[in-house]
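Pasting protein.cif here (mmCIF, C-alpha atoms):
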```
data_input
loop_
_atom_site.group_PDB
_atom_site.id
_atom_site.type_symbol
_atom_site.label_atom_id
_atom_site.label_comp_id
_atom_site.auth_asym_id
_atom_site.auth_seq_id
_atom_site.Cartn_x
_atom_site.Cartn_y
_atom_site.Cartn_z
ATOM 1 C CA MET O 1 -1.928 -21.270 20.106
ATOM 2 C CA SER O 2 -3.319 -18.613 17.810
ATOM 3 C CA LYS O 3 -1.518 -17.416 14.704
ATOM 4 C CA ILE O 4 1.220 -14.842 15.114
ATOM 5 C CA LEU O 5 0.365 -11.594 13.350
ATOM 6 C CA VAL O 6 3.168 -9.193 12.492
ATOM 7 C CA GLY O 7 2.763 -5.813 10.842
ATOM 8 C CA VAL O 8 4.761 -4.188 8.102
ATOM 9 C CA MET O 9 4.443 -0.416 7.996
ATOM 10 C CA GLY O 10 5.903 1.921 5.431
ATOM 11 C CA PRO O 11 5.228 4.528 2.788
ATOM 12 C CA GLY O 12 2.646 3.905 0.094
ATOM 13 C CA ALA O 13 3.064 5.982 -3.047
ATOM 14 C CA GLY O 14 6.166 7.678 -1.602
ATOM 15 C CA ALA O 15 8.104 4.458 -1.055
ATOM 16 C CA SER O 16 11.560 4.247 -2.590
ATOM 17 C CA ALA O 17 12.687 1.313 -4.707
ATOM 18 C CA ASP O 18 14.926 0.252 -1.789
ATOM 19 C CA ASP O 19 11.947 0.365 0.605
ATOM 20 C CA GLU O 20 9.932 -1.818 -1.754
ATOM 21 C CA ARG O 21 12.746 -4.342 -2.222
ATOM 22 C CA ALA O 22 13.229 -4.602 1.552
ATOM 23 C CA ALA O 23 9.462 -4.930 2.105
ATOM 24 C CA TYR O 24 9.222 -7.713 -0.481
ATOM 25 C CA ALA O 25 12.051 -9.599 1.249
ATOM 26 C CA LEU O 26 10.416 -9.020 4.646
ATOM 27 C CA GLY O 27 7.169 -10.440 3.307
ATOM 28 C CA GLN O 28 8.989 -13.539 2.096
ATOM 29 C CA LEU O 29 10.761 -14.051 5.420
ATOM 30 C CA ILE O 30 7.555 -13.476 7.387
ATOM 31 C CA ALA O 31 5.792 -16.152 5.349
ATOM 32 C CA ARG O 32 8.694 -18.579 5.796
ATOM 33 C CA ALA O 33 8.469 -18.015 9.570
ATOM 34 C CA GLY O 34 4.808 -19.080 9.421
ATOM 35 C CA TRP O 35 3.518 -15.701 10.594
ATOM 36 C CA VAL O 36 0.509 -13.820 9.230
ATOM 37 C CA LEU O 37 1.389 -10.519 7.556
ATOM 38 C CA VAL O 38 -0.693 -7.441 8.424
ATOM 39 C CA THR O 39 -0.378 -4.281 6.323
ATOM 40 C CA GLY O 40 -2.422 -1.266 5.329
ATOM 41 C CA GLY O 41 -3.566 -3.410 2.402
ATOM 42 C CA ARG O 42 -3.357 -0.906 -0.417
ATOM 43 C CA ALA O 43 -1.845 -1.566 -3.852
ATOM 44 C CA ALA O 44 0.998 0.856 -3.245
ATOM 45 C CA GLY O 45 4.562 0.944 -1.966
ATOM 46 C CA VAL O 46 5.638 -1.035 1.066
ATOM 47 C CA MET O 47 2.169 -2.477 1.716
ATOM 48 C CA ASP O 48 1.898 -3.992 -1.745
ATOM 49 C CA ALA O 49 5.517 -5.181 -1.873
ATOM 50 C CA ALA O 50 5.343 -6.918 1.524
ATOM 51 C CA CYS O 51 2.097 -8.671 0.574
ATOM 52 C CA LYS O 52 3.545 -9.799 -2.764
ATOM 53 C CA GLY O 53 6.644 -11.157 -1.016
ATOM 54 C CA ALA O 54 4.544 -13.106 1.475
ATOM 55 C CA LYS O 55 2.303 -14.508 -1.275
ATOM 56 C CA ALA O 56 5.377 -15.599 -3.273
ATOM 57 C CA GLU O 57 6.229 -17.868 -0.314
ATOM 58 C CA GLY O 58 2.679 -19.105 0.275
ATOM 59 C CA GLY O 59 2.028 -16.811 3.239
ATOM 60 C CA LEU O 60 -1.258 -15.424 4.533
ATOM 61 C CA THR O 61 -1.842 -11.666 4.227
ATOM 62 C CA VAL O 62 -4.315 -9.340 5.939
ATOM 63 C CA GLY O 63 -4.957 -5.819 4.674
ATOM 64 C CA ILE O 64 -6.486 -3.255 7.039
ATOM 65 C CA LEU O 65 -7.920 -0.871 4.450
ATOM 66 C CA PRO O 66 -8.598 2.804 5.164
ATOM 67 C CA THR O 67 -11.524 3.086 2.743
ATOM 68 C CA ASP O 68 -15.107 1.826 2.753
ATOM 69 C CA ASP O 69 -14.451 -0.571 -0.140
ATOM 70 C CA ALA O 70 -11.657 -2.730 -1.584
ATOM 71 C CA HIS O 71 -11.106 -0.530 -4.645
ATOM 72 C CA ASP O 72 -7.397 0.201 -4.101
ATOM 73 C CA MET O 73 -6.520 -3.106 -2.400
ATOM 74 C CA SER O 74 -3.363 -5.023 -3.222
ATOM 75 C CA ALA O 75 -4.067 -8.119 -5.302
ATOM 76 C CA ALA O 76 -1.826 -9.981 -2.826
ATOM 77 C CA VAL O 77 -4.167 -9.412 0.155
ATOM 78 C CA ASP O 78 -5.966 -12.586 1.239
ATOM 79 C CA ILE O 79 -8.152 -11.122 3.967
ATOM 80 C CA PRO O 80 -9.304 -7.530 3.488
ATOM 81 C CA ILE O 81 -10.582 -5.686 6.552
ATOM 82 C CA ILE O 82 -12.565 -2.736 5.240
ATOM 83 C CA THR O 83 -12.690 -0.023 7.881
ATOM 84 C CA GLY O 84 -13.808 3.255 6.302
ATOM 85 C CA MET O 85 -11.629 4.827 9.026
ATOM 86 C CA GLY O 86 -8.981 6.558 6.922
ATOM 87 C CA GLN O 87 -5.682 6.905 8.759
ATOM 88 C CA ALA O 88 -7.343 5.967 12.057
ATOM 89 C CA ARG O 89 -7.053 2.389 10.831
ATOM 90 C CA ASN O 90 -3.330 2.604 11.684
ATOM 91 C CA ASN O 91 -4.199 1.849 15.299
ATOM 92 C CA ILE O 92 -5.831 -1.423 14.207
ATOM 93 C CA ASN O 93 -2.665 -2.386 12.311
ATOM 94 C CA VAL O 94 -0.519 -1.697 15.365
ATOM 95 C CA LEU O 95 -2.737 -3.291 18.004
ATOM 96 C CA SER O 96 -3.311 -6.443 15.915
ATOM 97 C CA SER O 97 0.412 -7.090 15.432
ATOM 98 C CA ILE O 98 2.667 -8.690 18.016
ATOM 99 C CA VAL O 99 5.702 -7.013 16.429
ATOM 100 C CA GLY O 100 5.808 -4.236 13.866
ATOM 101 C CA PHE O 101 8.368 -3.703 11.123
ATOM 102 C CA ALA O 102 8.839 -0.152 9.831
ATOM 103 C CA CYS O 103 10.253 -0.343 6.336
ATOM 104 C CA GLY O 104 11.034 3.123 5.059
ATOM 105 C CA MET O 105 9.747 6.326 6.618
ATOM 106 C CA GLY O 106 6.889 8.705 5.957
ATOM 107 C CA ALA O 107 4.263 10.552 7.985
ATOM 108 C CA GLY O 108 1.933 7.532 8.169
ATOM 109 C CA THR O 109 4.798 5.240 9.143
ATOM 110 C CA ALA O 110 5.917 7.669 11.841
ATOM 111 C CA ALA O 111 2.360 7.788 13.193
ATOM 112 C CA GLU O 112 2.210 3.991 13.326
ATOM 113 C CA ILE O 113 5.558 3.766 15.124
ATOM 114 C CA ALA O 114 4.359 6.343 17.666
ATOM 115 C CA LEU O 115 1.110 4.395 18.193
ATOM 116 C CA ALA O 116 3.115 1.195 18.667
ATOM 117 C CA ILE O 117 5.357 2.822 21.274
ATOM 118 C CA LYS O 118 2.296 4.169 23.096
ATOM 119 C CA ALA O 119 0.745 0.669 23.043
ATOM 120 C CA GLY O 120 3.899 -0.959 24.429
ATOM 121 C CA LYS O 121 4.612 -2.860 21.210
ATOM 122 C CA GLN O 122 8.025 -3.812 19.851
ATOM 123 C CA VAL O 123 9.021 -2.097 16.587
ATOM 124 C CA ILE O 124 11.888 -3.004 14.302
ATOM 125 C CA ILE O 125 12.969 -0.135 12.052
ATOM 126 C CA LEU O 126 14.549 -0.894 8.705
ATOM 127 C CA CYS O 127 15.083 2.380 6.838
ATOM 128 C CA ASP O 128 17.748 4.759 5.624
ATOM 129 C CA ALA O 129 16.317 7.882 7.290
ATOM 130 C CA GLU O 130 18.912 8.382 10.019
ATOM 131 C CA ALA O 131 16.961 11.170 11.717
ATOM 132 C CA GLY O 132 13.861 8.963 11.997
ATOM 133 C CA ARG O 133 15.885 6.003 13.227
ATOM 134 C CA ALA O 134 17.561 8.073 15.935
ATOM 135 C CA PHE O 135 14.356 9.848 16.996
ATOM 136 C CA PHE O 136 12.316 6.680 17.430
ATOM 137 C CA ALA O 137 15.162 4.726 19.016
ATOM 138 C CA GLU O 138 15.402 7.476 21.662
ATOM 139 C CA LEU O 139 11.623 7.824 22.090
ATOM 140 C CA GLY O 140 10.964 4.106 22.338
ATOM 141 C CA LYS O 141 13.888 2.946 24.453
ATOM 142 C CA GLY O 142 13.671 -0.820 24.798
ATOM 143 C CA GLN O 143 10.784 -1.031 22.313
ATOM 144 C CA VAL O 144 12.364 0.291 19.129
ATOM 145 C CA HIS O 145 15.169 -1.640 17.477
ATOM 146 C CA VAL O 146 17.125 -0.473 14.434
ATOM 147 C CA VAL O 147 18.459 -3.020 11.927
ATOM 148 C CA ASN O 148 20.018 -2.869 8.469
ATOM 149 C CA THR O 149 18.590 -5.862 6.582
ATOM 150 C CA PRO O 150 15.352 -7.834 6.350
ATOM 151 C CA ASP O 151 17.208 -10.928 7.617
ATOM 152 C CA GLU O 152 18.348 -9.060 10.739
ATOM 153 C CA ALA O 153 14.807 -7.762 11.236
ATOM 154 C CA VAL O 154 13.196 -11.206 11.161
ATOM 155 C CA THR O 155 15.930 -12.804 13.282
ATOM 156 C CA LEU O 156 15.353 -10.135 15.930
ATOM 157 C CA ALA O 157 11.567 -10.510 15.675
ATOM 158 C CA LYS O 158 11.861 -14.251 16.285
ATOM 159 C CA GLN O 159 13.781 -13.511 19.492
ATOM 160 C CA LEU O 160 11.296 -10.863 20.622
ATOM 161 C CA ILE O 161 8.355 -13.172 19.960
ATOM 162 C CA SER O 162 10.084 -16.064 21.731
ATOM 163 C CA ASP O 163 10.790 -13.834 24.756
ATOM 164 C CA ARG O 164 7.114 -12.848 24.907
ATOM 165 C CA TRP O 165 6.024 -16.481 25.408
ATOM 166 C CA LYS O 166 8.674 -17.535 27.920
#
```
Represent the supplied structure as structure tokens.
Amino acid sequence: MSKILVGVMGPGAGASADDERAAYALGQLIARAGWVLVTGGRAAGVMDAACKGAKAEGGLTVGILPTDDAHDMSAAVDIPIITGMGQARNNINVLSSIVGFACGMGAGTAAEIALAIKAGKQVIILCDAEAGRAFFAELGKGQVHVVNTPDEAVTLAKQLISDRWK
């Protein structure tokens, strides 16, 4: 069986300290589960924190970079995918991941959640933005799941992944 790739989406420079702490913990739990972490790959916010968390636990990280070089890449990315596609690279993040975690909320994160819903992917939202949680839970009925902690997020993801291979 091939490796399981899961995506962590979230704000870059606009990430809150809580978003970054949750993303770091998610990265750790993803690595412990033996999954490959996919992020936007930049050295900012949720992307950087999730990659650092995964690396702290010996995990493998993939960064789907928006630029045509690795200039702003997180030092915790093992495999950089340089796209030169700008925000269009969000579709690669979504389509490459079996399950997506949205940690925090911003315009790019919202776009990735919408792309995931359109692609029929499962998304687990972990953020404090009640309006975003409610909107996406309604829009993605059956695909969007709202949780409160990184542990809940990974426990649910394990179930969703298990259900996919039944």
Which residues of range 12-68 of chain O have any atom within 10 Å of an atom in range 84-87 of chain O when counting all atoms listed in the file, and what is the closest pair of atoms for each, with the distance in Å to one decimal? Order the rows by chain and rising number and write it as a Markdown table.
```
| residue | atom | partner | partner_atom | distance |
| --- | --- | --- | --- | --- |
| O:Gly40 | CA | O:Gln87 | CA | 9.4 |
| O:Ile64 | CA | O:Met85 | CA | 9.8 |
| O:Leu65 | CA | O:Gly84 | CA | 7.4 |
| O:Pro66 | CA | O:Gly86 | CA | 4.2 |
| O:Thr67 | CA | O:Gly84 | CA | 4.2 |
| O:Asp68 | CA | O:Gly84 | CA | 4.0 |
```
Problem set entry | Test item: the PyMOL selection byres ((chain O and resi 5) around 7) resolved as number ranges by chain | O: 3-4, 6-7, 35-38, 96-98
For this session: Report the residues retrieved by the PyMOL selection byres ((chain O and resi 31) around 12) from the displayed file, expressed as an MDAnalysis selection string.
Result: chainID O and resid 3:6 24:30 32:38 50:61 154
Listed atoms of range 125-131 of chain O boxed along x, y and z, 5 Å each side, centre and edge lengths in Å, one decimal, as lines of an AutoDock Vina configuration file:
```
center_x = 15.9
center_y = 5.1
center_z = 8.8
size_x = 15.9
size_y = 22.1
size_z = 16.4
```
Problem set entry | Nearest candidate to Gly108 in chain O (options O:Ala44, O:Ile124, O:Ala88, O:Leu139; using all atoms listed in the file) | O:Ala88
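Take CA of Arg89 in chain O and CA of Gly63 in chain O: the distance between them is 10.5 Å.
Of the residues under consideration (O:Glu152, O:Asp48, O:Glu112, O:Asp163), O:Glu152 shows the shortest atom-to-atom contact distance to Leu126 in chain O when counting only C-alpha atoms.
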For this session: For each of O:Ala116, O:Val46, O:Ala23, O:Val147, take the minimum atom-to-atom distance to Pro11 in chain O, counting only C-alpha atoms, then give the residue where this is smallest.
Result: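 Closest to Pro11 in chain O, using only C-alpha atoms: O:Val46.
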For this session: Name the closest residue to Asp78 in chain O among the candidates O:Ala110, O:Arg164, O:Gly41, O:Gly104; distances are taken between atoms, counting only C-alpha atoms.
Result: O:Gly41
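Distance check against Pro150 in chain O using only C-alpha atoms: of O:Cys127, O:Asp69, O:Val77, O:Ser2, the minimum falls on O:Cys127.
Nearest residue to Ala13 in chain O, choosing from O:Thr83, O:Gln143, O:Gly106, O:Val99 and counting all atoms listed in the file: O:Gly106.
Applied to the shown file, the PyMOL selection byres ((chain O and resi 136) around 10) selects the residues Ala110, Ile113, Ala114, Ile117, Val123, Ile125, Ala131, Gly132, Arg133, Ala134, Phe135, Ala137, Glu138, Leu139, Gly140, Lys141, Gln143, Val144, His145 and Val146 of chain O.
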For this session: Calculate how many Å separate CA of Ala76 in chain O from CA of Asp151 in chain O, rounding to one decimal.
Result: 21.7 Å
Exercise. What is the CA of Gly10 in chain O-CA of Ala102 in chain O distance in Å, reported with one decimal?
Worked result: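 Between CA of Gly10 in chain O and CA of Ala102 in chain O the gap is 5.7 Å.
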Subset file: range 144-155 of chain O, all heavy atoms, as an mmCIF file, in the first residue's frame:
```cif
data_model
loop_
_atom_site.group_PDB
_atom_site.id
_atom_site.type_symbol
_atom_site.label_atom_id
_atom_site.label_comp_id
_atom_site.auth_asym_id
_atom_site.auth_seq_id
_atom_site.Cartn_x
_atom_site.Cartn_y
_atom_site.Cartn_z
ATOM 1 N N VAL O 144 -17.314 17.663 6.005
ATOM 2 C CA VAL O 144 -16.628 18.603 6.893
ATOM 3 C C VAL O 144 -16.990 18.265 8.329
ATOM 4 O O VAL O 144 -18.158 18.133 8.676
ATOM 5 C CB VAL O 144 -17.013 20.063 6.565
ATOM 6 C CG1 VAL O 144 -16.404 21.015 7.571
ATOM 7 C CG2 VAL O 144 -16.565 20.413 5.150
ATOM 8 N N HIS O 145 -15.962 18.107 9.141
ATOM 9 C CA HIS O 145 -16.120 17.710 10.537
ATOM 10 C C HIS O 145 -15.427 18.759 11.402
ATOM 11 O O HIS O 145 -14.305 19.153 11.114
ATOM 12 C CB HIS O 145 -15.495 16.339 10.769
ATOM 13 C CG HIS O 145 -15.885 15.345 9.719
ATOM 14 N ND1 HIS O 145 -17.017 14.578 9.806
ATOM 15 C CD2 HIS O 145 -15.304 15.031 8.537
ATOM 16 C CE1 HIS O 145 -17.112 13.816 8.729
ATOM 17 N NE2 HIS O 145 -16.086 14.070 7.945
ATOM 18 N N VAL O 146 -16.083 19.197 12.452
ATOM 19 C CA VAL O 146 -15.533 20.214 13.335
ATOM 20 C C VAL O 146 -15.116 19.564 14.647
ATOM 21 O O VAL O 146 -15.894 18.819 15.254
ATOM 22 C CB VAL O 146 -16.566 21.330 13.590
ATOM 23 C CG1 VAL O 146 -16.017 22.366 14.558
ATOM 24 C CG2 VAL O 146 -16.963 21.988 12.269
ATOM 25 N N VAL O 147 -13.873 19.817 15.057
ATOM 26 C CA VAL O 147 -13.343 19.273 16.313
ATOM 27 C C VAL O 147 -12.723 20.410 17.117
ATOM 28 O O VAL O 147 -12.543 21.514 16.609
ATOM 29 C CB VAL O 147 -12.303 18.149 16.057
ATOM 30 C CG1 VAL O 147 -12.940 16.984 15.305
ATOM 31 C CG2 VAL O 147 -11.094 18.680 15.317
ATOM 32 N N ASN O 148 -12.339 20.095 18.358
ATOM 33 C CA ASN O 148 -11.792 21.128 19.240
ATOM 34 C C ASN O 148 -10.322 20.972 19.573
ATOM 35 O O ASN O 148 -9.700 21.925 20.054
ATOM 36 C CB ASN O 148 -12.606 21.173 20.538
ATOM 37 C CG ASN O 148 -14.035 21.602 20.285
ATOM 38 O OD1 ASN O 148 -14.272 22.604 19.632
ATOM 39 N ND2 ASN O 148 -14.984 20.821 20.771
ATOM 40 N N THR O 149 -9.752 19.776 19.362
ATOM 41 C CA THR O 149 -8.345 19.565 19.720
ATOM 42 C C THR O 149 -7.625 18.775 18.626
ATOM 43 O O THR O 149 -8.266 18.038 17.858
ATOM 44 C CB THR O 149 -8.213 18.769 21.038
ATOM 45 O OG1 THR O 149 -8.677 17.424 20.808
ATOM 46 C CG2 THR O 149 -8.997 19.418 22.177
ATOM 47 N N PRO O 150 -6.305 18.899 18.577
ATOM 48 C CA PRO O 150 -5.545 18.083 17.624
ATOM 49 C C PRO O 150 -5.746 16.581 17.842
ATOM 50 O O PRO O 150 -5.834 15.821 16.872
ATOM 51 C CB PRO O 150 -4.090 18.503 17.888
ATOM 52 C CG PRO O 150 -4.193 19.904 18.383
ATOM 53 C CD PRO O 150 -5.448 19.906 19.228
ATOM 54 N N ASP O 151 -5.854 16.150 19.099
ATOM 55 C CA ASP O 151 -6.087 14.725 19.371
ATOM 56 C C ASP O 151 -7.404 14.255 18.764
ATOM 57 O O ASP O 151 -7.462 13.189 18.141
ATOM 58 C CB ASP O 151 -6.092 14.446 20.882
ATOM 59 C CG ASP O 151 -4.698 14.474 21.485
ATOM 60 O OD1 ASP O 151 -3.770 13.923 20.851
ATOM 61 O OD2 ASP O 151 -4.542 15.044 22.569
ATOM 62 N N GLU O 152 -8.460 15.044 18.945
ATOM 63 C CA GLU O 152 -9.759 14.698 18.348
ATOM 64 C C GLU O 152 -9.646 14.646 16.831
ATOM 65 O O GLU O 152 -10.237 13.771 16.184
ATOM 66 C CB GLU O 152 -10.819 15.739 18.714
ATOM 67 C CG GLU O 152 -11.321 15.715 20.126
ATOM 68 C CD GLU O 152 -12.325 16.836 20.352
ATOM 69 O OE1 GLU O 152 -13.325 16.906 19.611
ATOM 70 O OE2 GLU O 152 -12.089 17.649 21.266
ATOM 71 N N ALA O 153 -8.909 15.587 16.259
ATOM 72 C CA ALA O 153 -8.763 15.659 14.806
ATOM 73 C C ALA O 153 -8.108 14.398 14.257
ATOM 74 O O ALA O 153 -8.585 13.807 13.281
ATOM 75 C CB ALA O 153 -7.944 16.892 14.421
ATOM 76 N N VAL O 154 -7.033 13.961 14.883
ATOM 77 C CA VAL O 154 -6.308 12.786 14.379
ATOM 78 C C VAL O 154 -7.086 11.502 14.653
ATOM 79 O O VAL O 154 -7.109 10.598 13.815
ATOM 80 C CB VAL O 154 -4.872 12.750 14.938
ATOM 81 C CG1 VAL O 154 -4.178 11.439 14.609
ATOM 82 C CG2 VAL O 154 -4.077 13.933 14.368
ATOM 83 N N THR O 155 -7.760 11.425 15.785
ATOM 84 C CA THR O 155 -8.598 10.250 16.066
ATOM 85 C C THR O 155 -9.679 10.117 14.994
ATOM 86 O O THR O 155 -9.918 9.021 14.466
ATOM 87 C CB THR O 155 -9.223 10.351 17.470
ATOM 88 O OG1 THR O 155 -8.170 10.364 18.433
ATOM 89 C CG2 THR O 155 -10.163 9.194 17.742
#
```
